[in-house]
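Visitor: The structure's right below; bear with me while I get my questions together.
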Amino acid sequence: MTTALFDTSTFDSISAEDLRATGSLKWTMFPGKTPAFVAEMDFGIAPPITRALHTAVDVGAFGYLPPASATAMSDSFVDWAASRYGWRVSPDDVKPMPDVIAALELAIDHFSAPGSAVVLPTPAYMPFLTVPEAHDRRIIQVPMIRTQDGWEYDLAGIDRAFSDGGGLLILCNPHNPIGRVLRHDEMVAIGDVVERHGARVFSDEIHAPLVYDGAAHVPYAAVNDVNAGHTITATSASKAWNLPGMKCAQVVLSNEADRAYWAEHGRSFGHGVANLGVIANTAAYSAGGQWLDGVLSYLDGNRHLLADLLDEHLPGVEYTAPEGTYLAWLECGPLGIEGSPADFFAEHAEVVTTDGSMCGDGYETAIRFNFAMPRPILRATVAAMGAAVRKLS
């Protein structure tokens, strides 16, 4: 059930100076430039999380992770998943992990066959293009199909990739960087292809709480027994509640084979999970809904404002408002920029974005743009980008 909205009326008054003073990587890595690259939000932390962390600090909760804390986190996620996604899972199936990338490494090493390939729909979250190779897996990129209304998964391409030795499909839902939220029928179709090849799915659902009206997050493993049988799901409160430095995520098991494997081998799988991260994630899932609803409403305004700003300052840029996440995929080819648009905007507009070439082959003229910023900064940022392009022409 949706709670009353958190008051976001102060968000517009947050300044770049305020944000730099926090000392975050986002606002200090490129001094003097506006950061729209790394996936962090500029709206602070939900008060229930802050209170929980202050209490933990006051009592000195800095030891190894107590089982009771892990259990509390699992319980809070179970309640969140049931109320927000209609997904009913057992607390025993929710396992702490340091982050989603650690969960991916686990899935590659323990839940895919040595010598098999990782099937990766692109454009993709940047580490998905590097982590598998570090674990002795080649990557088969499967470009998504651009349609008039957005993007679709290339089922035939995924089928061919499995035939070419693919063993694990990385599914990102909601999708980073294009913001697609998969429909139930799409996931059924994907599951049929995966099952036909006896393959596995790593479902990255870290952005699941960040879905706008008109779409609804359905966990891939919740679609049917077939999908549950070949999936390992990873999620975290880190993106929706702005906790990426807290080192805590969740793996959700959904079939008996994985439960048995975890029971036998999983003693050290969660090594590196931060005590305070577990406390923060617990508070987010159990008491952070009102704050998140307010932030999501503000982000909804930003994604539509971005469309208007692009029309005004960067006409020609191809942009489909995301159904989830606070990330925009901007195709800048029509602007006529020579070389990397990301490099151009960093040099001439002092705006740092993510280079599309880091998200897969063939995306060299695109950028990923983080719009989770106060609206005055968003307006100034896009205006600066437009001014730089006008000078170019």
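Ordering of the structure tokens sets the chain letters (A, B, ...), residue numbers begin anew at 1 in every chain, and ligands are numbered from 1 in the order given.
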Excluding stretch 312-322 of chain A and its own-chain neighbours fewer than 2 positions away, which residues fall within 6 Å of it when counting only C-alpha atoms? Please give them as a PyMOL selection string.
Guide: chain A and resi 179+309-310+324+330-332+334+383+386
Visitor: What lies within 12 Å of A:Leu378 using only C-alpha atoms, ignoring chain neighbours under 3 positions off, as a PDB file with C-alpha atoms, in the first residue's frame?
Guide:
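Wrote result.pdb, looks like this:
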```pdb
ATOM      1  CA  PHE A  11      14.971  19.598  -2.869  1.00  0.00           C
ATOM      2  CA  ASP A  12      15.025  22.582  -5.232  1.00  0.00           C
ATOM      3  CA  ILE A  14      19.902  22.044  -2.576  1.00  0.00           C
ATOM      4  CA  SER A  15      22.898  23.715  -4.217  1.00  0.00           C
ATOM      5  CA  ALA A  16      25.980  22.357  -5.937  1.00  0.00           C
ATOM      6  CA  THR A  34      28.484  19.009 -12.852  1.00  0.00           C
ATOM      7  CA  PRO A  35      28.309  15.229 -12.331  1.00  0.00           C
ATOM      8  CA  ALA A  36      25.624  13.244 -14.140  1.00  0.00           C
ATOM      9  CA  ASP A  42      21.356  14.229  -4.658  1.00  0.00           C
ATOM     10  CA  LEU A 299      12.071  12.000 -10.059  1.00  0.00           C
ATOM     11  CA  GLY A 301       8.811  15.277 -12.564  1.00  0.00           C
ATOM     12  CA  ASN A 302      12.479  15.306 -13.497  1.00  0.00           C
ATOM     13  CA  ARG A 303      12.158  12.665 -16.215  1.00  0.00           C
ATOM     14  CA  HIS A 304       9.426  14.708 -17.908  1.00  0.00           C
ATOM     15  CA  LEU A 305      11.251  17.994 -17.348  1.00  0.00           C
ATOM     16  CA  LEU A 306      14.290  16.448 -19.021  1.00  0.00           C
ATOM     17  CA  ALA A 307      12.242  15.803 -22.156  1.00  0.00           C
ATOM     18  CA  ASP A 308      11.214  19.467 -22.261  1.00  0.00           C
ATOM     19  CA  LEU A 309      14.774  20.649 -21.647  1.00  0.00           C
ATOM     20  CA  LEU A 310      16.139  18.444 -24.406  1.00  0.00           C
ATOM     21  CA  VAL A 351      29.047  18.194 -17.492  1.00  0.00           C
ATOM     22  CA  PHE A 369      22.681  10.804 -17.966  1.00  0.00           C
ATOM     23  CA  ASN A 370      21.718  10.748 -14.276  1.00  0.00           C
ATOM     24  CA  PHE A 371      18.792  13.136 -13.703  1.00  0.00           C
ATOM     25  CA  ALA A 372      18.492  12.532  -9.926  1.00  0.00           C
ATOM     26  CA  MET A 373      19.460  16.118  -9.139  1.00  0.00           C
ATOM     27  CA  PRO A 374      17.669  19.256  -7.929  1.00  0.00           C
ATOM     28  CA  ARG A 375      15.666  20.821 -10.745  1.00  0.00           C
ATOM     29  CA  THR A 381      23.076  21.395 -16.756  1.00  0.00           C
ATOM     30  CA  VAL A 382      21.055  20.783 -19.911  1.00  0.00           C
ATOM     31  CA  ALA A 383      21.260  24.473 -20.827  1.00  0.00           C
ATOM     32  CA  ALA A 384      25.066  24.306 -20.598  1.00  0.00           C
ATOM     33  CA  MET A 385      25.104  21.239 -22.825  1.00  0.00           C
TER      34      MET A 385
END
```
Visitor: Enumerate the residues of stretch 129-290 of chain A with a DSSP assignment of alpha helix (DSSP H), computed from the backbone, and present them as JSON, numbers by chain.
Guide: {"A": [131, 132, 133, 134, 155, 156, 157, 158, 159, 160, 161, 162, 163, 184, 185, 186, 187, 188, 189, 190, 191, 192, 193, 194, 195, 196, 225, 226, 227, 228, 229, 256, 257, 258, 259, 260, 261, 262, 263, 264, 265, 275, 276, 277, 278, 279, 280, 281, 282, 283, 284, 285, 286, 287, 289, 290]}
Visitor: In terms of the shortest atom-to-atom distance over only C-alpha atoms, which of A:His197, A:Arg259, A:Lys33, A:Arg20 is closest to A:Thr353?
Guide: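 Using only C-alpha atoms, A:Thr353 sits closest to A:Lys33.
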Visitor: Would you list the contacts of stretch 60-72 of chain A as a PyMOL selection string, taking every protein, DNA or RNA residue within 8 Å and counting only C-alpha atoms, but skipping same-chain residues closer than 3 positions in sequence?
Guide: chain A and resi 56-57+75-76+91+95-96+273-276+278-279+282
Visitor: Contacts of A:Leu53 at 9 Å or less, counting only C-alpha atoms, minus same-chain residues fewer than 5 places along, as a ChimeraX atom specification?
Guide: /A:48,58,276-277,279-280,283
Visitor: Using only C-alpha atoms, determine which residues lie at most 10 Å from A:Phe30, disregarding the query and same-chain residues fewer than 6 positions distant; provide the list as a short mmCIF file (atom, residue, chain, number, x, y, z; two decimals) with all heavy atoms, in the first residue's frame.
Guide:
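Written file, around_34.cif:
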```cif
data_model
loop_
_atom_site.label_atom_id
_atom_site.label_comp_id
_atom_site.auth_asym_id
_atom_site.auth_seq_id
_atom_site.Cartn_x
_atom_site.Cartn_y
_atom_site.Cartn_z
N ALA A 346 31.94 16.98 -21.32
CA ALA A 346 32.83 17.20 -20.18
C ALA A 346 33.76 18.38 -20.42
O ALA A 346 34.01 19.19 -19.52
CB ALA A 346 33.63 15.94 -19.90
N GLU A 350 31.29 21.28 -19.24
CA GLU A 350 31.65 20.94 -17.86
C GLU A 350 30.58 20.10 -17.20
O GLU A 350 30.23 20.28 -16.02
CB GLU A 350 31.96 22.21 -17.04
CG GLU A 350 33.16 22.98 -17.58
CD GLU A 350 33.65 24.05 -16.63
OE1 GLU A 350 32.80 24.62 -15.92
OE2 GLU A 350 34.86 24.31 -16.62
N VAL A 351 30.04 19.15 -17.97
CA VAL A 351 29.05 18.19 -17.49
C VAL A 351 29.60 16.80 -17.74
O VAL A 351 29.94 16.46 -18.88
CB VAL A 351 27.70 18.37 -18.21
CG1 VAL A 351 26.72 17.27 -17.78
CG2 VAL A 351 27.11 19.74 -17.93
N VAL A 352 29.69 15.99 -16.71
CA VAL A 352 30.27 14.65 -16.81
C VAL A 352 29.16 13.62 -16.90
O VAL A 352 28.33 13.50 -15.99
CB VAL A 352 31.19 14.34 -15.62
CG1 VAL A 352 31.85 12.97 -15.81
CG2 VAL A 352 32.25 15.42 -15.47
#
```
Visitor: For a quick check of understanding, using only C-alpha atoms, which of A:Phe77, A:Phe6, A:Tyr125, A:Phe37 has the smallest distance to A:Asp92?
Guide: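 Looking at the shortest contact to A:Asp92, the residue is A:Phe77.
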Visitor: Give me every strand (DSSP E or B) residue in stretch 156-323 of chain A, going by DSSP on the backbone, as number ranges by chain.
Guide: A: 166-172, 200-204, 211, 231-235, 249-253, 318
Visitor: Given the choices A:Leu292, A:Leu253, A:Ala237, A:Ala260, which gets closest to A:Val100 if the distance is worked out from only C-alpha atoms?
Guide: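 Closest candidate: A:Ala237.
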Visitor: Taking only C-alpha atoms into account, name the residue in A:Pro219, A:Pro47, A:Pro98, A:Gly86 that is nearest to A:Pro244.
Guide: A:Pro98
Visitor: Give me the residues near A:Gly339 as a list in words, where near means some atom within 12 Å (using only C-alpha atoms) and where sequence neighbours in that chain fewer than 3 positions away do not count.
Guide: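 Contacts, with the query itself left out: Cys332, Gly333, Leu335, Gly336, Ala342, Asp343, Phe344, Phe345, Asp355, Gly356, Ser357, Tyr363, Glu364, Thr365 and Ala366 of chain A.
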Visitor: Counting only C-alpha atoms, figure out which residue out of A:Val94, A:Leu327, A:Ala228, A:Val119 gets nearest to A:Arg137.
Guide: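 Looking at the shortest contact to A:Arg137, the residue is A:Val119.
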Visitor: With distances taken over only C-alpha atoms, which of A:Met97, A:Ala21, A:Val188, A:Ala81 is nearest to A:Arg267?
Guide: A:Met97
